[in-house]
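Student: Hey, dropping entry-v4.cif in here, mmCIF, C-alpha atoms:
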data_coords
#
loop_
_atom_site.group_PDB
_atom_site.id
_atom_site.type_symbol
_atom_site.label_atom_id
_atom_site.label_comp_id
_atom_site.auth_asym_id
_atom_site.auth_seq_id
_atom_site.Cartn_x
_atom_site.Cartn_y
_atom_site.Cartn_z
ATOM 1 C CA MET A 1 52.990 55.554 59.714
ATOM 2 C CA GLY A 2 53.680 51.926 58.792
ATOM 3 C CA ALA A 3 57.402 52.040 59.634
ATOM 4 C CA ALA A 4 57.326 49.501 62.469
ATOM 5 C CA LEU A 5 55.139 47.142 60.460
ATOM 6 C CA ALA A 6 57.418 47.356 57.417
ATOM 7 C CA GLN A 7 60.419 46.590 59.619
ATOM 8 C CA ALA A 8 58.657 43.594 61.170
ATOM 9 C CA SER A 9 57.251 42.096 57.968
ATOM 10 C CA ARG A 10 58.607 41.763 54.447
ATOM 11 C CA THR A 11 55.011 41.450 53.248
ATOM 12 C CA ALA A 12 54.164 44.901 54.632
ATOM 13 C CA HIS A 13 57.388 46.357 53.211
ATOM 14 C CA ASP A 14 56.426 45.031 49.782
ATOM 15 C CA VAL A 15 52.994 46.705 49.968
ATOM 16 C CA PHE A 16 54.569 50.113 50.554
ATOM 17 C CA HIS A 17 57.068 49.501 47.744
ATOM 18 C CA GLU A 18 54.255 48.485 45.359
ATOM 19 C CA VAL A 19 52.354 51.688 46.135
ATOM 20 C CA ASP A 20 55.503 53.768 45.598
ATOM 21 C CA GLU A 21 56.032 52.089 42.223
ATOM 22 C CA ALA A 22 52.417 52.687 41.198
ATOM 23 C CA LEU A 23 52.494 56.383 42.113
ATOM 24 C CA GLY A 24 56.027 57.118 40.955
ATOM 25 C CA GLN A 25 56.844 58.775 44.274
ATOM 26 C CA ASN A 26 58.466 57.767 47.546
ATOM 27 C CA LEU A 27 55.255 57.911 49.552
ATOM 28 C CA PHE A 28 56.519 55.477 52.166
ATOM 29 C CA ARG A 29 59.476 57.703 52.994
ATOM 30 C CA LEU A 30 56.985 60.517 53.530
ATOM 31 C CA MET A 31 54.865 58.217 55.719
ATOM 32 C CA ARG A 32 57.916 57.206 57.733
ATOM 33 C CA ASP A 33 59.836 60.483 58.009
ATOM 34 C CA GLY A 34 57.395 63.284 57.187
ATOM 35 C CA PRO A 35 57.186 66.229 57.065
ATOM 36 C CA ASP A 36 53.688 65.953 58.488
ATOM 37 C CA ASP A 37 52.300 68.929 56.590
ATOM 38 C CA GLU A 38 53.195 67.267 53.284
ATOM 39 C CA LEU A 39 51.839 63.890 54.381
ATOM 40 C CA LYS A 40 48.558 65.525 55.438
ATOM 41 C CA LEU A 41 47.947 66.901 51.939
ATOM 42 C CA THR A 42 44.890 64.952 50.861
ATOM 43 C CA GLU A 43 46.563 63.666 47.671
ATOM 44 C CA ASN A 44 49.207 61.996 49.879
ATOM 45 C CA ALA A 45 47.104 61.170 52.925
ATOM 46 C CA GLN A 46 44.503 59.183 51.004
ATOM 47 C CA PRO A 47 46.856 56.642 49.369
ATOM 48 C CA ALA A 48 49.005 56.554 52.531
ATOM 49 C CA ILE A 49 46.109 55.579 54.806
ATOM 50 C CA MET A 50 45.044 52.952 52.276
ATOM 51 C CA ALA A 51 48.587 51.545 51.984
ATOM 52 C CA ASN A 52 48.850 51.191 55.741
ATOM 53 C CA ALA A 53 45.508 49.368 55.958
ATOM 54 C CA ILE A 54 46.363 47.011 53.081
ATOM 55 C CA ALA A 55 49.777 46.297 54.615
ATOM 56 C CA VAL A 56 48.019 45.157 57.802
ATOM 57 C CA PHE A 57 45.538 43.140 55.735
ATOM 58 C CA ARG A 58 48.191 41.366 53.691
ATOM 59 C CA VAL A 59 50.279 40.481 56.730
ATOM 60 C CA LEU A 60 47.135 39.042 58.297
ATOM 61 C CA THR A 61 46.151 37.056 55.212
ATOM 62 C CA ARG A 62 49.484 36.105 53.623
ATOM 63 C CA ASP A 63 51.613 35.673 56.732
ATOM 64 C CA GLY A 64 48.830 34.876 59.193
ATOM 65 C CA GLY A 65 46.965 32.468 56.942
ATOM 66 C CA VAL A 66 43.585 34.182 57.338
ATOM 67 C CA GLU A 67 41.280 33.857 54.317
ATOM 68 C CA LEU A 68 38.876 36.772 53.851
ATOM 69 C CA ARG A 69 36.034 34.677 52.404
ATOM 70 C CA LYS A 70 36.069 32.371 55.429
ATOM 71 C CA ALA A 71 36.778 34.965 58.115
ATOM 72 C CA ALA A 72 34.436 37.803 57.088
ATOM 73 C CA SER A 73 30.836 38.160 55.929
ATOM 74 C CA PHE A 74 31.222 41.763 54.748
ATOM 75 C CA VAL A 75 33.758 44.566 54.303
ATOM 76 C CA ALA A 76 33.250 48.318 54.700
ATOM 77 C CA GLY A 77 35.337 51.473 54.795
ATOM 78 C CA HIS A 78 34.737 55.072 55.811
ATOM 79 C CA SER A 79 35.114 57.475 52.868
ATOM 80 C CA LEU A 80 38.544 56.760 51.331
ATOM 81 C CA GLY A 81 38.508 53.554 53.389
ATOM 82 C CA GLU A 82 35.914 52.196 50.989
ATOM 83 C CA TYR A 83 38.725 51.900 48.439
ATOM 84 C CA SER A 84 40.846 50.007 50.986
ATOM 85 C CA ALA A 85 37.940 47.642 51.629
ATOM 86 C CA LEU A 86 37.440 47.043 47.916
ATOM 87 C CA CYS A 87 41.156 46.418 47.427
ATOM 88 C CA ALA A 88 41.162 43.911 50.296
ATOM 89 C CA ALA A 89 38.160 42.163 48.748
ATOM 90 C CA GLY A 90 39.842 41.952 45.347
ATOM 91 C CA ALA A 91 37.639 44.420 43.449
ATOM 92 C CA PHE A 92 40.721 46.547 42.635
ATOM 93 C CA ASP A 93 44.372 45.590 42.568
ATOM 94 C CA LEU A 94 46.730 47.581 44.772
ATOM 95 C CA PRO A 95 48.358 49.785 42.079
ATOM 96 C CA THR A 96 44.933 50.751 40.720
ATOM 97 C CA THR A 97 43.677 51.583 44.206
ATOM 98 C CA ALA A 98 46.695 53.789 44.896
ATOM 99 C CA LYS A 99 46.321 55.676 41.616
ATOM 100 C CA LEU A 100 42.586 56.188 42.117
ATOM 101 C CA LEU A 101 43.104 57.607 45.600
ATOM 102 C CA LYS A 102 45.918 59.885 44.440
ATOM 103 C CA LEU A 103 43.597 61.254 41.752
ATOM 104 C CA ARG A 104 40.691 61.456 44.209
ATOM 105 C CA GLY A 105 42.784 63.543 46.582
ATOM 106 C CA GLN A 106 43.975 65.859 43.818
ATOM 107 C CA ALA A 107 40.471 66.252 42.383
ATOM 108 C CA MET A 108 38.924 66.984 45.778
ATOM 109 C CA GLN A 109 41.547 69.621 46.526
ATOM 110 C CA ALA A 110 41.120 71.235 43.117
ATOM 111 C CA ALA A 111 37.307 71.294 43.303
ATOM 112 C CA VAL A 112 37.115 74.151 45.817
ATOM 113 C CA PRO A 113 39.725 76.902 46.376
ATOM 114 C CA VAL A 114 41.385 76.798 49.800
ATOM 115 C CA GLY A 115 39.422 78.892 52.279
ATOM 116 C CA VAL A 116 36.113 78.738 50.392
ATOM 117 C CA GLY A 117 34.875 75.569 52.093
ATOM 118 C CA ALA A 118 35.080 74.002 55.541
ATOM 119 C CA MET A 119 33.894 71.096 57.680
ATOM 120 C CA ALA A 120 32.854 70.859 61.323
ATOM 121 C CA ALA A 121 32.104 68.026 63.730
ATOM 122 C CA LEU A 122 28.903 68.366 65.728
ATOM 123 C CA LEU A 123 29.366 66.478 68.993
ATOM 124 C CA GLY A 124 26.396 65.377 71.028
ATOM 125 C CA ALA A 125 24.194 65.684 67.938
ATOM 126 C CA ASP A 126 22.385 62.964 66.035
ATOM 127 C CA LEU A 127 21.574 63.060 62.323
ATOM 128 C CA ALA A 128 18.232 64.861 62.702
ATOM 129 C CA LEU A 129 19.672 67.615 64.878
ATOM 130 C CA ALA A 130 22.722 68.009 62.644
ATOM 131 C CA GLN A 131 20.486 68.447 59.612
ATOM 132 C CA LYS A 132 18.443 71.121 61.423
ATOM 133 C CA ILE A 133 21.614 73.005 62.328
ATOM 134 C CA ALA A 134 22.929 72.741 58.761
ATOM 135 C CA ASP A 135 19.625 73.956 57.301
ATOM 136 C CA ALA A 136 19.490 76.914 59.697
ATOM 137 C CA ALA A 137 23.067 77.916 58.904
ATOM 138 C CA ALA A 138 22.934 77.581 55.107
ATOM 139 C CA GLN A 139 21.283 80.929 54.276
ATOM 140 C CA GLY A 140 21.659 80.349 50.549
ATOM 141 C CA GLU A 141 25.044 78.646 50.776
ATOM 142 C CA VAL A 142 25.903 74.956 50.845
ATOM 143 C CA CYS A 143 25.756 73.455 54.335
ATOM 144 C CA THR A 144 24.892 69.797 54.636
ATOM 145 C CA VAL A 145 25.604 66.594 56.527
ATOM 146 C CA ALA A 146 28.767 64.931 55.235
ATOM 147 C CA ASN A 147 29.465 62.052 57.654
ATOM 148 C CA ASP A 148 26.859 60.383 59.862
ATOM 149 C CA ASN A 149 29.528 58.773 62.029
ATOM 150 C CA ASP A 150 27.688 57.538 65.110
ATOM 151 C CA PRO A 151 24.727 58.499 67.319
ATOM 152 C CA SER A 152 26.662 61.344 68.944
ATOM 153 C CA GLN A 153 28.904 62.638 66.150
ATOM 154 C CA VAL A 154 27.895 64.054 62.782
ATOM 155 C CA VAL A 155 30.151 66.039 60.450
ATOM 156 C CA ILE A 156 28.811 68.866 58.289
ATOM 157 C CA SER A 157 30.397 70.342 55.169
ATOM 158 C CA GLY A 158 29.943 73.301 52.856
ATOM 159 C CA HIS A 159 30.841 76.956 52.355
ATOM 160 C CA LYS A 160 33.097 78.399 55.055
ATOM 161 C CA GLY A 161 30.600 81.118 56.021
ATOM 162 C CA ALA A 162 27.793 78.608 56.463
ATOM 163 C CA ILE A 163 29.966 76.275 58.546
ATOM 164 C CA ASP A 164 31.005 79.218 60.749
ATOM 165 C CA ARG A 165 27.327 80.060 61.266
ATOM 166 C CA ALA A 166 26.573 76.432 62.126
ATOM 167 C CA ILE A 167 29.325 76.399 64.737
ATOM 168 C CA ALA A 168 27.953 79.605 66.246
ATOM 169 C CA ILE A 169 24.402 78.283 66.631
ATOM 170 C CA ALA A 170 25.077 74.592 67.288
ATOM 171 C CA LYS A 171 25.134 74.727 71.086
ATOM 172 C CA ASP A 172 21.992 76.852 71.333
ATOM 173 C CA MET A 173 20.221 74.365 69.072
ATOM 174 C CA GLY A 174 21.093 71.412 71.293
ATOM 175 C CA ALA A 175 24.523 70.123 70.275
ATOM 176 C CA LYS A 176 27.088 69.626 73.011
ATOM 177 C CA ARG A 177 29.912 71.162 70.992
ATOM 178 C CA ALA A 178 30.900 72.107 67.438
ATOM 179 C CA VAL A 179 34.495 71.806 66.275
ATOM 180 C CA LEU A 180 35.990 73.193 63.049
ATOM 181 C CA LEU A 181 37.971 70.395 61.399
ATOM 182 C CA PRO A 182 41.527 70.951 60.098
ATOM 183 C CA VAL A 183 40.768 69.905 56.519
ATOM 184 C CA SER A 184 41.756 71.514 53.247
ATOM 185 C CA ALA A 185 38.433 71.089 51.436
ATOM 186 C CA PRO A 186 34.698 70.536 52.139
ATOM 187 C CA PHE A 187 34.406 66.811 51.456
ATOM 188 C CA HIS A 188 31.155 64.906 50.850
ATOM 189 C CA CYS A 189 29.002 67.847 49.849
ATOM 190 C CA PRO A 190 27.715 69.247 46.519
ATOM 191 C CA LEU A 191 30.741 71.540 46.205
ATOM 192 C CA MET A 192 32.718 68.382 45.368
ATOM 193 C CA GLN A 193 30.827 67.811 42.092
ATOM 194 C CA PRO A 194 33.905 68.543 39.902
ATOM 195 C CA ALA A 195 35.789 65.848 41.836
ATOM 196 C CA ALA A 196 32.905 63.425 41.364
ATOM 197 C CA GLU A 197 33.079 63.980 37.599
ATOM 198 C CA ALA A 198 36.845 63.391 37.651
ATOM 199 C CA MET A 199 36.293 60.102 39.488
ATOM 200 C CA ARG A 200 33.504 59.115 37.095
ATOM 201 C CA ASP A 201 35.921 59.528 34.197
ATOM 202 C CA ALA A 202 38.766 57.675 35.934
ATOM 203 C CA LEU A 203 36.583 54.794 37.076
ATOM 204 C CA SER A 204 35.158 54.340 33.581
ATOM 205 C CA TYR A 205 38.577 53.025 32.505
ATOM 206 C CA VAL A 206 39.073 50.728 35.488
ATOM 207 C CA VAL A 207 38.190 47.047 35.700
ATOM 208 C CA VAL A 208 36.086 46.442 38.812
ATOM 209 C CA LYS A 209 35.797 42.802 39.862
ATOM 210 C CA PRO A 210 33.040 41.471 42.115
ATOM 211 C CA PRO A 211 34.368 41.723 45.692
ATOM 212 C CA ALA A 212 35.075 38.427 47.442
ATOM 213 C CA VAL A 213 32.531 39.391 50.099
ATOM 214 C CA PRO A 214 29.852 42.099 49.839
ATOM 215 C CA LEU A 215 30.813 45.715 50.524
ATOM 216 C CA TYR A 216 28.528 47.845 52.683
ATOM 217 C CA ALA A 217 28.535 51.009 50.571
ATOM 218 C CA ASN A 218 28.826 54.460 52.146
ATOM 219 C CA VAL A 219 26.052 55.988 50.045
ATOM 220 C CA THR A 220 23.414 53.276 50.545
ATOM 221 C CA ALA A 221 24.409 51.610 53.852
ATOM 222 C CA LEU A 222 23.558 48.355 52.045
ATOM 223 C CA PRO A 223 25.669 45.485 50.674
ATOM 224 C CA ALA A 224 26.909 45.665 47.077
ATOM 225 C CA THR A 225 28.659 43.115 44.880
ATOM 226 C CA ASP A 226 27.811 44.199 41.324
ATOM 227 C CA PRO A 227 30.839 45.912 39.727
ATOM 228 C CA ASP A 228 28.747 48.571 37.985
ATOM 229 C CA ALA A 229 26.932 49.403 41.222
ATOM 230 C CA VAL A 230 30.269 49.640 43.061
ATOM 231 C CA ARG A 231 31.650 51.963 40.396
ATOM 232 C CA ASN A 232 28.606 54.252 40.476
ATOM 233 C CA GLN A 233 28.533 54.344 44.274
ATOM 234 C CA LEU A 234 32.178 55.435 44.405
ATOM 235 C CA VAL A 235 31.281 58.386 42.176
ATOM 236 C CA GLU A 236 28.223 59.289 44.270
ATOM 237 C CA GLN A 237 30.267 58.962 47.457
ATOM 238 C CA VAL A 238 32.318 62.065 46.607
ATOM 239 C CA THR A 239 29.331 64.387 47.049
ATOM 240 C CA ASP A 240 26.991 62.302 49.215
ATOM 241 C CA VAL A 241 26.716 61.492 52.915
ATOM 242 C CA VAL A 242 28.946 58.789 54.388
ATOM 243 C CA ARG A 243 26.239 56.705 56.086
ATOM 244 C CA TRP A 244 28.555 54.953 58.523
ATOM 245 C CA ARG A 245 26.142 54.736 61.468
ATOM 246 C CA GLU A 246 23.498 53.096 59.291
ATOM 247 C CA SER A 247 26.038 50.753 57.710
ATOM 248 C CA ILE A 248 27.172 49.407 61.078
ATOM 249 C CA ALA A 249 23.590 49.170 62.354
ATOM 250 C CA ASN A 250 22.542 47.301 59.206
ATOM 251 C CA MET A 251 25.449 44.890 59.517
ATOM 252 C CA GLY A 252 24.376 44.252 63.089
ATOM 253 C CA ALA A 253 20.833 43.586 61.889
ATOM 254 C CA ALA A 254 22.293 41.133 59.375
ATOM 255 C CA GLY A 255 23.845 39.181 62.243
ATOM 256 C CA VAL A 256 27.341 40.689 62.514
ATOM 257 C CA GLU A 257 28.542 40.677 66.125
ATOM 258 C CA ASP A 258 32.305 40.934 65.583
ATOM 259 C CA PHE A 259 33.947 43.941 63.881
ATOM 260 C CA VAL A 260 37.659 44.195 63.020
ATOM 261 C CA GLU A 261 39.297 47.516 62.113
ATOM 262 C CA LEU A 262 42.532 47.214 60.139
ATOM 263 C CA GLY A 263 45.197 49.918 60.289
ATOM 264 C CA GLY A 264 43.684 52.323 62.799
ATOM 265 C CA LYS A 265 41.708 52.856 65.990
ATOM 266 C CA VAL A 266 39.195 55.555 65.069
ATOM 267 C CA LEU A 267 36.411 53.520 63.473
ATOM 268 C CA GLY A 268 36.395 51.021 66.318
ATOM 269 C CA GLY A 269 35.270 53.731 68.713
ATOM 270 C CA MET A 270 32.449 54.710 66.384
ATOM 271 C CA VAL A 271 31.346 51.088 66.072
ATOM 272 C CA LYS A 272 31.165 50.697 69.852
ATOM 273 C CA ARG A 273 28.946 53.766 70.110
ATOM 274 C CA ILE A 274 26.658 52.395 67.389
ATOM 275 C CA ALA A 275 26.629 48.762 68.539
ATOM 276 C CA PRO A 276 27.614 48.713 72.237
ATOM 277 C CA ASP A 277 27.210 44.937 72.531
ATOM 278 C CA ALA A 278 29.426 44.135 69.534
ATOM 279 C CA LYS A 279 32.977 42.886 69.851
ATOM 280 C CA VAL A 280 35.384 45.381 68.277
ATOM 281 C CA THR A 281 39.051 44.660 67.559
ATOM 282 C CA SER A 282 41.451 47.308 66.225
ATOM 283 C CA VAL A 283 44.516 45.847 64.506
ATOM 284 C CA VAL A 284 47.543 48.095 63.975
ATOM 285 C CA THR A 285 50.791 46.436 65.103
ATOM 286 C CA ILE A 286 52.426 43.143 64.206
ATOM 287 C CA GLU A 287 51.460 41.917 67.675
ATOM 288 C CA ASP A 288 47.813 42.823 66.989
ATOM 289 C CA ILE A 289 47.951 40.906 63.714
ATOM 290 C CA GLU A 290 49.497 37.816 65.283
ATOM 291 C CA ALA A 291 46.919 37.824 68.078
ATOM 292 C CA LEU A 292 44.006 38.095 65.640
ATOM 293 C CA ALA A 293 45.401 35.417 63.330
ATOM 294 C CA LYS A 294 45.756 33.066 66.292
ATOM 295 C CA GLU A 295 42.205 33.838 67.439
ATOM 296 C CA ILE A 296 40.709 33.221 63.997
ATOM 297 C CA ALA A 297 42.686 30.023 63.533
#
Could I get this structure in the form of structure tokens?
Tutor:
Amino acid sequence: MGAALAQASRTAHDVFHEVDEALGQNLFRLMRDGPDDELKLTENAQPAIMANAIAVFRVLTRDGGVELRKAASFVAGHSLGEYSALCAAGAFDLPTTAKLLKLRGQAMQAAVPVGVGAMAALLGADLALAQKIADAAAQGEVCTVANDNDPSQVVISGHKGAIDRAIAIAKDMGAKRAVLLPVSAPFHCPLMQPAAEAMRDALSYVVVKPPAVPLYANVTALPATDPDAVRNQLVEQVTDVVRWRESIANMGAAGVEDFVELGGKVLGGMVKRIAPDAKVTSVVTIEDIEALAKEIA
């Protein structure tokens, strides 16, 4: 992750070095060389995914000459990606963002013992159906919608037993398929409340600047610019639903026709399923960055 970009651009290399310095660990070496099981630990994966996205962003803006205020009306990010979006928009500096995501990963992992919680993707299910399946499976345990990703994919989260029950009944209730996700904790559900409190404490010491362009927040699916609102929404995000489908739909209603994903190719697919007529560009490689910079110019 990020190795080819760091080799192609000094700007990208410097981003990874800055994150390493902030965290006091050689995260980039882990991103570049593995082992994968260590990189996938949520305390490493969260800052690593952010670092890769910000490396792409900085190459685009610093080397490509693209100015965020002029090129974009809004920013958004899915779950941990909200921190990347806020960093890109200048609400947090890069070292602060890295430290917050390291803590977020550690707090989320510590909130629920391994094996107690789980998550599953319900494919071919919309939000209403996913909620019905979650409610039917709960039986006194936590089982709730975690990510409303797009019209045909909703992720549920909660106690392992409840998620197993949801998987067992999902097809009979109308979903096309239910897939247990390979995650180490049940994110975005009430079981994450201890992690939310840890983030509330950490964010209380952090300076949040107004983002250069409004952020479409995960928990409201509406634009936010007020630093206090941003701070509170990041706390709520830990236990609440990631309202990605609504966020994209609301951006479309606000006139957005062109979406650019930086650092990956997963969200672009979701956007196309939400807004089939929108133009979606996923930017990962140095060639992708150069092509987008030329197009914007």
Student: Kindly resolve the PyMOL selection byres ((chain A and resi 118) around 10) on the present coordinates and return the residues as a PyMOL selection string.
Tutor: chain A and resi 112+114-117+119-120+143+156-164+180-187
Student: Any idea what's packed within 10 Å of Ile54 in chain A, counting all atoms listed in the file, ignoring anything in its chain fewer than 2 positions away? Could you give it as a PyMOL selection string?
Tutor: chain A and resi 12+15-16+48-52+56-60+84-85+87-88+94+262-263
Student: Please, what is the axis-aligned box for every listed atom of range 119-126 of chain A with 3 Å on each side, as centre and edge lengths in Å to one decimal, as AutoDock Vina command-line options?
Tutor:
--center_x 28.1 --center_y 67.0 --center_z 64.4 --size_x 17.5 --size_y 14.1 --size_z 19.3
Student: Please expand the PyMOL selection byres ((chain A and resi 29) around 12) into the concrete residues it hits in this file, giving the result as a PyMOL selection string.
Tutor: chain A and resi 1-3+6+13+16-17+19-20+25-28+30-36+38-39+44+48
Student: Going by the chain IDs and residue numbers used in this file, which residues fall under the PyMOL selection byres ((chain A and resi 234) around 9)? Write them as a PyMOL selection string.
Tutor: chain A and resi 82-83+196+199-200+203+217-219+229-233+235-238
